[in-house]
Each structure stands twice: as C-alpha cells, then as structure tokens.
file my_file27.txt (compact mmCIF, C-alpha atoms)
# COMPACT_ATOMS: atom_id res chain seq x y z
CA MET A 1 -12.65 4.20 14.77
CA SER A 2 -11.57 4.91 18.30
CA GLY A 3 -7.96 4.89 19.36
CA ASP A 4 -4.81 3.91 17.58
CA ILE A 5 -4.08 1.03 15.24
CA SER A 6 -1.13 -1.03 16.36
CA LEU A 7 0.99 -2.85 13.79
CA LYS A 8 4.18 -4.85 14.07
CA ALA A 9 7.17 -5.43 11.83
CA ILE A 10 7.05 -8.79 10.03
CA GLY A 11 10.56 -8.42 8.63
CA VAL A 12 13.21 -5.97 7.51
CA VAL A 13 14.41 -4.66 4.15
CA ARG A 14 18.14 -4.79 3.38
CA THR A 15 19.54 -2.55 0.66
CA ALA A 16 22.65 -0.56 -0.22
CA ASN A 17 20.67 2.64 0.45
CA LYS A 18 22.19 3.60 3.80
CA THR A 19 20.95 7.16 4.08
CA ARG A 20 17.90 9.04 2.94
CA GLU A 21 20.09 11.24 0.76
CA GLU A 22 21.44 8.34 -1.29
CA THR A 23 18.12 6.54 -1.66
CA PRO A 24 16.58 6.92 -5.12
CA VAL A 25 13.58 9.22 -5.16
CA GLN A 26 12.69 8.26 -8.68
CA PRO A 27 11.92 4.65 -9.59
CA SER A 28 13.80 5.08 -12.86
CA ARG A 29 16.95 5.50 -10.73
CA ALA A 30 16.14 2.42 -8.65
CA VAL A 31 15.93 0.06 -11.63
CA GLY A 32 18.41 -2.74 -11.14
CA ILE A 33 19.20 -1.87 -7.51
CA GLU A 34 18.95 -5.18 -5.70
CA GLY A 35 18.13 -5.89 -2.12
CA THR A 36 16.71 -8.52 0.14
CA VAL A 37 13.62 -8.72 2.27
CA GLU A 38 14.19 -10.76 5.41
CA VAL A 39 10.84 -11.96 6.67
CA PHE A 40 10.88 -13.12 10.28
CA PRO A 41 10.85 -16.95 10.58
CA GLU A 42 7.44 -17.14 12.26
CA TYR A 43 5.83 -15.83 9.05
CA GLU A 44 7.53 -18.24 6.62
CA LYS A 45 4.34 -20.20 5.81
CA GLY A 46 2.73 -16.95 4.74
CA LEU A 47 5.14 -16.73 1.80
CA ASP A 48 4.05 -20.02 0.19
CA GLY A 49 3.33 -19.47 -3.48
CA LEU A 50 4.66 -15.91 -3.62
CA GLU A 51 7.30 -17.00 -6.13
CA ARG A 52 4.66 -17.26 -8.85
CA PHE A 53 4.48 -13.46 -9.00
CA SER A 54 6.96 -11.34 -10.96
CA HIS A 55 6.44 -8.26 -8.80
CA VAL A 56 5.28 -7.62 -5.26
CA PHE A 57 4.28 -4.60 -3.24
CA LEU A 58 6.27 -3.99 -0.08
CA ILE A 59 4.38 -2.01 2.54
CA CYS A 60 6.91 -0.59 4.96
CA CYS A 61 7.17 1.78 7.87
CA PHE A 62 9.16 4.95 7.11
CA ASP A 63 10.96 4.62 10.44
CA ARG A 64 13.34 7.51 9.78
CA ALA A 65 10.78 9.96 8.43
CA GLY A 66 10.62 13.40 9.94
CA PRO A 67 7.54 14.91 11.56
CA ALA A 68 4.46 14.77 9.36
CA GLU A 69 3.95 17.76 7.10
CA LEU A 70 0.67 18.42 5.33
CA THR A 71 2.31 20.12 2.37
CA VAL A 72 5.64 19.30 0.79
CA THR A 73 7.68 20.40 -2.20
CA PRO A 74 8.05 17.34 -4.44
CA HIS A 75 11.54 16.51 -5.66
CA GLY A 76 12.38 18.61 -8.71
CA ARG A 77 9.40 20.95 -8.25
CA THR A 78 9.11 24.43 -6.80
CA GLU A 79 5.51 24.69 -5.61
CA ARG A 80 4.22 22.98 -2.49
CA ARG A 81 1.59 20.25 -2.77
CA GLY A 82 -0.53 18.33 -0.32
CA VAL A 83 1.42 15.38 1.08
CA PHE A 84 -1.33 12.95 -0.01
CA ALA A 85 -0.70 14.09 -3.60
CA THR A 86 2.94 12.96 -3.25
CA ARG A 87 4.86 9.87 -2.17
CA ALA A 88 6.95 11.82 0.36
CA PRO A 89 7.78 9.92 3.57
CA ASP A 90 6.96 12.65 6.11
CA ARG A 91 3.21 11.85 6.19
CA PRO A 92 0.63 11.51 8.98
CA ASN A 93 1.00 7.72 8.92
CA PRO A 94 4.56 6.90 7.80
CA ILE A 95 3.59 4.07 5.48
CA GLY A 96 5.62 3.38 2.36
CA LEU A 97 4.42 1.54 -0.74
CA SER A 98 7.00 0.17 -3.16
CA LEU A 99 6.53 -2.07 -6.15
CA VAL A 100 9.61 -4.27 -6.58
CA ARG A 101 10.63 -7.07 -8.90
CA LEU A 102 10.76 -10.46 -7.19
CA LEU A 103 13.88 -12.21 -8.43
CA ARG A 104 13.60 -15.33 -6.27
CA ARG A 105 12.69 -16.60 -2.82
CA GLU A 106 14.97 -18.58 -0.52
CA GLY A 107 12.92 -19.58 2.48
CA THR A 108 12.17 -16.38 4.35
CA VAL A 109 14.43 -14.25 2.16
CA LEU A 110 13.06 -12.48 -0.89
CA HIS A 111 15.62 -11.32 -3.42
CA VAL A 112 14.20 -8.22 -5.06
CA SER A 113 15.24 -5.55 -7.53
CA ASP A 114 14.29 -1.92 -8.28
CA VAL A 115 14.36 -1.07 -4.59
CA ASP A 116 13.94 2.55 -3.47
CA ILE A 117 13.88 1.64 0.24
CA LEU A 118 16.31 2.57 3.03
CA ASP A 119 18.40 -0.22 4.53
CA GLY A 120 16.88 -1.51 7.76
CA THR A 121 13.34 -0.37 7.00
CA PRO A 122 10.71 -2.39 8.91
CA LEU A 123 8.40 -4.43 6.69
CA LEU A 124 4.67 -4.43 7.48
CA ASP A 125 3.16 -6.42 4.64
CA VAL A 126 3.84 -8.09 1.31
CA LYS A 127 1.16 -8.26 -1.37
CA PRO A 128 1.34 -9.79 -4.82
CA TYR A 129 1.14 -7.40 -7.74
CA VAL A 130 -1.91 -8.27 -9.80
CA ALA A 131 -2.18 -6.14 -12.94
CA GLU A 132 -5.97 -6.38 -12.95
CA LEU A 133 -6.11 -4.77 -9.50
CA ASP A 134 -3.11 -2.49 -9.56
CA SER A 135 -2.65 -1.09 -13.03
CA ARG A 136 -4.60 1.54 -14.95
CA ASN A 137 -3.92 2.89 -18.41
CA ASP A 138 -5.95 6.09 -18.36
CA MET B 1 12.62 -2.39 15.12
CA SER B 2 11.62 -2.67 18.72
CA GLY B 3 8.00 -2.52 19.79
CA ASP B 4 4.84 -1.78 17.91
CA ILE B 5 4.11 0.79 15.26
CA SER B 6 1.16 2.99 16.11
CA LEU B 7 -0.96 4.48 13.35
CA LYS B 8 -4.15 6.51 13.40
CA ALA B 9 -7.14 6.81 11.10
CA ILE B 10 -7.03 9.93 8.92
CA GLY B 11 -10.55 9.40 7.58
CA VAL B 12 -13.19 6.83 6.77
CA VAL B 13 -14.40 5.13 3.58
CA ARG B 14 -18.14 5.16 2.82
CA THR B 15 -19.54 2.62 0.39
CA ALA B 16 -22.64 0.53 -0.24
CA ASN B 17 -20.66 -2.57 0.80
CA LYS B 18 -22.18 -3.11 4.25
CA THR B 19 -20.93 -6.62 4.96
CA ARG B 20 -17.88 -8.62 4.05
CA GLU B 21 -20.09 -11.07 2.15
CA GLU B 22 -21.46 -8.42 -0.22
CA THR B 23 -18.12 -6.68 -0.82
CA PRO B 24 -16.58 -7.46 -4.21
CA VAL B 25 -13.60 -9.76 -3.97
CA GLN B 26 -12.71 -9.25 -7.59
CA PRO B 27 -11.94 -5.79 -8.93
CA SER B 28 -13.83 -6.62 -12.11
CA ARG B 29 -16.98 -6.75 -9.96
CA ALA B 30 -16.16 -3.44 -8.26
CA VAL B 31 -15.97 -1.45 -11.51
CA GLY B 32 -18.44 1.40 -11.36
CA ILE B 33 -19.22 0.96 -7.66
CA GLU B 34 -18.97 4.46 -6.25
CA GLY B 35 -18.14 5.59 -2.77
CA THR B 36 -16.72 8.48 -0.85
CA VAL B 37 -13.62 8.93 1.23
CA GLU B 38 -14.19 11.32 4.11
CA VAL B 39 -10.83 12.67 5.21
CA PHE B 40 -10.86 14.25 8.65
CA PRO B 41 -10.82 18.09 8.47
CA GLU B 42 -7.41 18.49 10.11
CA TYR B 43 -5.81 16.80 7.08
CA GLU B 44 -7.51 18.90 4.38
CA LYS B 45 -4.34 20.75 3.35
CA GLY B 46 -2.73 17.39 2.66
CA LEU B 47 -5.13 16.83 -0.23
CA ASP B 48 -4.05 19.90 -2.23
CA GLY B 49 -3.33 18.91 -5.79
CA LEU B 50 -4.67 15.36 -5.50
CA GLU B 51 -7.32 16.13 -8.13
CA ARG B 52 -4.69 16.07 -10.85
CA PHE B 53 -4.50 12.27 -10.55
CA SER B 54 -6.98 9.95 -12.24
CA HIS B 55 -6.45 7.13 -9.72
CA VAL B 56 -5.29 6.93 -6.13
CA PHE B 57 -4.29 4.17 -3.76
CA LEU B 58 -6.28 3.96 -0.55
CA ILE B 59 -4.39 2.30 2.29
CA CYS B 60 -6.90 1.18 4.86
CA CYS B 61 -7.15 -0.83 8.04
CA PHE B 62 -9.14 -4.07 7.68
CA ASP B 63 -10.94 -3.33 10.94
CA ARG B 64 -13.33 -6.29 10.64
CA ALA B 65 -10.76 -8.88 9.59
CA GLY B 66 -10.58 -12.12 11.50
CA PRO B 67 -7.51 -13.41 13.28
CA ALA B 68 -4.43 -13.54 11.09
CA GLU B 69 -3.93 -16.78 9.20
CA LEU B 70 -0.65 -17.66 7.52
CA THR B 71 -2.30 -19.69 4.78
CA VAL B 72 -5.64 -19.07 3.13
CA THR B 73 -7.68 -20.53 0.29
CA PRO B 74 -8.07 -17.76 -2.29
CA HIS B 75 -11.56 -17.06 -3.58
CA GLY B 76 -12.41 -19.51 -6.35
CA ARG B 77 -9.43 -21.79 -5.63
CA THR B 78 -9.11 -25.06 -3.79
CA GLU B 79 -5.50 -25.17 -2.59
CA ARG B 80 -4.21 -23.10 0.30
CA ARG B 81 -1.60 -20.46 -0.31
CA GLY B 82 0.53 -18.23 1.91
CA VAL B 83 -1.41 -15.13 2.94
CA PHE B 84 1.33 -12.85 1.56
CA ALA B 85 0.70 -14.42 -1.88
CA THR B 86 -2.94 -13.25 -1.65
CA ARG B 87 -4.85 -10.06 -0.95
CA ALA B 88 -6.95 -11.70 1.79
CA PRO B 89 -7.77 -9.42 4.76
CA ASP B 90 -6.93 -11.83 7.60
CA ARG B 91 -3.20 -11.03 7.58
CA PRO B 92 -0.62 -10.34 10.31
CA ASN B 93 -0.98 -6.59 9.79
CA PRO B 94 -4.55 -5.92 8.59
CA ILE B 95 -3.58 -3.37 5.94
CA GLY B 96 -5.62 -3.07 2.76
CA LEU B 97 -4.42 -1.62 -0.54
CA SER B 98 -7.00 -0.55 -3.11
CA LEU B 99 -6.55 1.31 -6.35
CA VAL B 100 -9.63 3.44 -7.04
CA ARG B 101 -10.64 5.93 -9.68
CA LEU B 102 -10.77 9.51 -8.38
CA LEU B 103 -13.90 11.10 -9.82
CA ARG B 104 -13.62 14.46 -8.03
CA ARG B 105 -12.70 16.14 -4.78
CA GLU B 106 -14.97 18.39 -2.74
CA GLY B 107 -12.91 19.75 0.13
CA THR B 108 -12.17 16.79 2.37
CA VAL B 109 -14.43 14.40 0.45
CA LEU B 110 -13.07 12.27 -2.36
CA HIS B 111 -15.63 10.82 -4.73
CA VAL B 112 -14.23 7.56 -5.99
CA SER B 113 -15.25 4.60 -8.12
CA ASP B 114 -14.30 0.92 -8.43
CA VAL B 115 -14.37 0.52 -4.66
CA ASP B 116 -13.94 -2.94 -3.11
CA ILE B 117 -13.88 -1.59 0.45
CA LEU B 118 -16.30 -2.19 3.34
CA ASP B 119 -18.39 0.77 4.52
CA GLY B 120 -16.86 2.43 7.57
CA THR B 121 -13.32 1.21 6.93
CA PRO B 122 -10.69 3.44 8.58
CA LEU B 123 -8.39 5.20 6.12
CA LEU B 124 -4.67 5.29 6.90
CA ASP B 125 -3.16 6.93 3.83
CA VAL B 126 -3.85 8.18 0.32
CA LYS B 127 -1.17 8.03 -2.35
CA PRO B 128 -1.34 9.13 -5.96
CA TYR B 129 -1.15 6.41 -8.57
CA VAL B 130 1.90 7.03 -10.73
CA ALA B 131 2.17 4.55 -13.59
CA GLU B 132 5.96 4.78 -13.63
CA LEU B 133 6.10 3.61 -10.01
CA ASP B 134 3.09 1.35 -9.79
CA SER B 135 2.64 -0.47 -13.05
CA ARG B 136 4.58 -3.31 -14.64
CA ASN B 137 3.90 -5.05 -17.91
CA ASP B 138 5.92 -8.22 -17.50
call {"tool": "encode", "arguments": {"input": "my_file27.txt", "output": "structure tokens"}}
result
Amino acid sequence: MSGDISLKAIGVVRTANKTREETPVQPSRAVGIEGTVEVFPEYEKGLDGLERFSHVFLICCFDRAGPAELTVTPHGRTERRGVFATRAPDRPNPIGLSLVRLLRREGTVLHVSDVDILDGTPLLDVKPYVAELDSRND
Amino acid sequence: MSGDISLKAIGVVRTANKTREETPVQPSRAVGIEGTVEVFPEYEKGLDGLERFSHVFLICCFDRAGPAELTVTPHGRTERRGVFATRAPDRPNPIGLSLVRLLRREGTVLHVSDVDILDGTPLLDVKPYVAELDSRND
C-alpha cells in the first residue's frame, strides 16, 4: 500500500445532535432518536432494495474529531485503553460505524432511528445489516 | 463537506485468500479460515486492551475492487440490486467491513479467524465488537 486512500462523501447525516457533547455515547441513550440520511442524488440507484433491511450500517467520517490519540479513557472508565479497543472518534482514520434502524426510504432520503451521529456528518458508505455476517453470540 | 477525505493504511491483512475468486463470499464459508492482521508498529499502543474482546470489526480498503457500480447482481441471485443494499466490493467508496473472531494478540499481530478478506488488503481501522451496539434481533 503506497500513499493515501482518497474517499468522498456520498451524502450527509441529519440529526438533532448538534454538538459532540450532546451526542449519545451509549447506544442505549440513542434508542428512538430519529434522523435522516440524505444520499446525494447521483447515488440514488445504489439504494435500490435497501428497504428490505430492518437495520443498516452507516460508515461515516468523524469530521469534527480531534487529533488522533493512540490511547483514550473510555466514557465512564478511569483507565486508558488503546483507541482500537474503543469506539472513540479521535482515531488514526476518523471512520465511524453506526448500526441504525431503517424506518423507511423516500428516494434518496433514509429515515433512521437510534442515531448516535453528529448533525452534518459526511456519509461514506451504507451497508445492509445481515445477522449472519454481523452478529455473534459468544 | 468540501473535497476528498484522505485516509491511510494502518496495517495489512494476511490470509490464504490470494485471489478474489477464491475468497469466500459467504461468511458461512469463511468460518475457521485463519489469518493475521499486521498492524504497523507506530500504532501498537492503540491495540492495548483489544484482547478482552472475542470479535472485532476490521475496516479495510478494497484495493483490488473494480470501478464502482451503482447496481450489482448479488452472488447467487439473478436480479440486480443497488450496491448499498449489498456487501459487494465495487462501491463508490471501496470500504470493507468484516467481523472476525479474535483468537489472540501478539504485539502488533492479531490472529483472527472467519476471515473473508483478500491477502494483502490494507487495514484502515479496528473496532471492538460490542453486542449492544452491533447486534439486532429483529
């Protein structure tokens, strides 16, 4: 791998979470918080059939993250931990992964719930949640 | 969001999957397939505490994907579907998301299982799998 990897926003996430401080850090606090995902019109065909899934992963860019830190103190903890053992945003590549409930799709707009994402966050990818791939019991 | 988002590889994934054709497309076929994740030495501190998790998400760059297509025919299907309703690699941002079992960590090397990733794939991020965040039953 030589050089950088260049990605582009394919949309933007709209939520009531206007600042980092008021954005839920725990998914249990995000339950029921609704938002919309506005996918840019040129990608509309890429959403065909997404409505068959109850949940989707949103892969976003933490565009307001601070400088990357290799160790962080997780919320509610006292000891520092490696950033890759946390979901903290200040990471070497500021990529966020959120599983949200897909309420409905209207064209390029996804209505979603359980959203722990800052308003205005750039969207990089949408993937369907498939329990066989994404869920483990042990 | 103006302009591109620039990311960098933080490591590389090593597996026996040498070509796209021989790489499992179904997680059920990847069960037991072992591999290693070689995180670059400068990020070692970021892995502290990761060993407490049984599974981790690997976020990778599909570096051998073809040009992005907005609709694809999923493996084993006949009708085309929007790429965001699939996990196909030829997507606008070639980002891969794989949930793997973490067998053990040796310094900067993660020994993992259930790996559906091509050998040599650049690693962008590692996140712990937290059932409360990442699993849904309905």
call {"tool": "closest_atom_pairs", "arguments": {"input": "my_file27.txt", "of": "chain A", "to": "chain B", "cutoff": "8 Å", "atoms": "all atoms listed in the file", "output": "CSV"}}
result
residue,atom,partner,partner_atom,distance
A:Met1,CA,B:Pro122,CA,6.5
A:Gly3,CA,B:Lys8,CA,7.3
A:Asp4,CA,B:Lys8,CA,5.0
A:Ile5,CA,B:Leu7,CA,5.0
A:Ser6,CA,B:Ser6,CA,4.6
A:Leu7,CA,B:Ile5,CA,5.0
A:Lys8,CA,B:Asp4,CA,5.0
A:Ala9,CA,B:Met1,CA,7.1
A:Ile10,CA,B:Pro92,CA,7.8
A:Pro27,CA,B:Leu133,CA,5.9
A:Ser28,CA,B:Glu132,CA,7.9
A:Tyr43,CA,B:Leu70,CA,6.9
A:Lys45,CA,B:Gly82,CA,5.8
A:Gly46,CA,B:Gly82,CA,3.8
A:Leu47,CA,B:Gly82,CA,4.8
A:Asp48,CA,B:Gly82,CA,4.3
A:Gly49,CA,B:Ala85,CA,5.9
A:Leu50,CA,B:Ala85,CA,4.6
A:Ser54,CA,B:Asp138,CA,7.3
A:His55,CA,B:Arg136,CA,7.9
A:Leu70,CA,B:Gly46,CA,4.4
A:Thr71,CA,B:Gly46,CA,5.7
A:Arg81,CA,B:Asp48,CA,5.7
A:Gly82,CA,B:Gly46,CA,3.8
A:Val83,CA,B:Gly46,CA,4.9
A:Phe84,CA,B:Gly46,CA,5.4
A:Ala85,CA,B:Leu50,CA,4.6
A:Thr86,CA,B:Pro128,CA,6.4
A:Arg87,CA,B:Lys127,CA,6.3
A:Pro92,CA,B:Ile10,CA,7.8
A:Asn93,CA,B:Leu7,CA,5.8
A:Ile95,CA,B:Asp125,CA,7.5
A:Ser98,CA,B:Leu133,CA,7.7
A:Leu99,CA,B:Asp134,CA,6.1
A:Pro122,CA,B:Met1,CA,6.5
A:Leu124,CA,B:Asn93,CA,6.5
A:Asp125,CA,B:Asn93,CA,6.6
A:Val126,CA,B:Phe84,CA,5.4
A:Lys127,CA,B:Phe84,CA,5.4
A:Pro128,CA,B:Ala85,CA,5.5
A:Ala131,CA,B:Ser135,CA,7.4
A:Glu132,CA,B:Pro27,CA,7.2
A:Leu133,CA,B:Pro27,CA,5.9
A:Asp134,CA,B:Leu99,CA,6.0
A:Ser135,CA,B:Ser135,CA,5.3
A:Arg136,CA,B:Ala131,CA,7.5
A:Asn137,CA,B:Ala131,CA,7.9
A:Asp138,CA,B:Ser54,CA,7.3
call {"tool": "residues_around", "arguments": {"input": "my_file27.txt", "residues": "Ser113 in chain A", "least_positions_apart": "3", "cutoff": "8 Å", "atoms": "only C-alpha atoms", "output": "PDB file with C-alpha atoms, in the frame of the given file"}}
result
ATOM      1  CA  VAL A  31      15.930   0.060 -11.630  1.00  0.00           C
ATOM      2  CA  GLY A  32      18.410  -2.740 -11.140  1.00  0.00           C
ATOM      3  CA  ILE A  33      19.200  -1.870  -7.510  1.00  0.00           C
ATOM      4  CA  GLU A  34      18.950  -5.180  -5.700  1.00  0.00           C
ATOM      5  CA  GLY A  35      18.130  -5.890  -2.120  1.00  0.00           C
ATOM      6  CA  VAL A 100       9.610  -4.270  -6.580  1.00  0.00           C
ATOM      7  CA  ARG A 101      10.630  -7.070  -8.900  1.00  0.00           C
ATOM      8  CA  LEU A 102      10.760 -10.460  -7.190  1.00  0.00           C
ATOM      9  CA  LEU A 103      13.880 -12.210  -8.430  1.00  0.00           C
TER      10      LEU A 103
END
call {"tool": "closest_residue", "arguments": {"input": "my_file27.txt", "among": "B:Gly107, B:Gly66, B:Gly76, B:Pro24", "to": "Pro89 in chain B", "atoms": "only C-alpha atoms"}}
result
B:Gly66
call {"tool": "axis_aligned_box", "arguments": {"input": "my_file27.txt", "around": "range 71-78 of chain B", "padding_each_side": "8 Å", "output": "JSON"}}
result
{"center_x": -7.4, "center_y": -21.1, "center_z": -0.8, "size_x": 26.1, "size_y": 24.0, "size_z": 27.1}
call {"tool": "atom_distance", "arguments": {"input": "my_file27.txt", "atom1": "CA of Thr19 in chain A", "atom2": "CA of Val109 in chain A"}}
result
22.5 Å
call {"tool": "atom_distance", "arguments": {"input": "my_file27.txt", "atom1": "CA of Asp116 in chain B", "atom2": "CA of Ala65 in chain B"}}
result
14.4 Å
call {"tool": "atom_distance", "arguments": {"input": "my_file27.txt", "atom1": "CA of Glu38 in chain B", "atom2": "CA of Leu118 in chain B"}}
result
13.7 Å
call {"tool": "closest_residue", "arguments": {"input": "my_file27.txt", "among": "A:Asn17, A:Val37, A:Ala30, A:Glu22", "to": "Cys60 in chain A", "atoms": "all atoms listed in the file"}}
result
A:Val37
call {"tool": "closest_residue", "arguments": {"input": "my_file27.txt", "among": "A:Ala16, A:His75, A:Thr108, A:Ala68", "to": "Pro41 in chain A", "atoms": "all atoms listed in the file"}}
result
A:Thr108
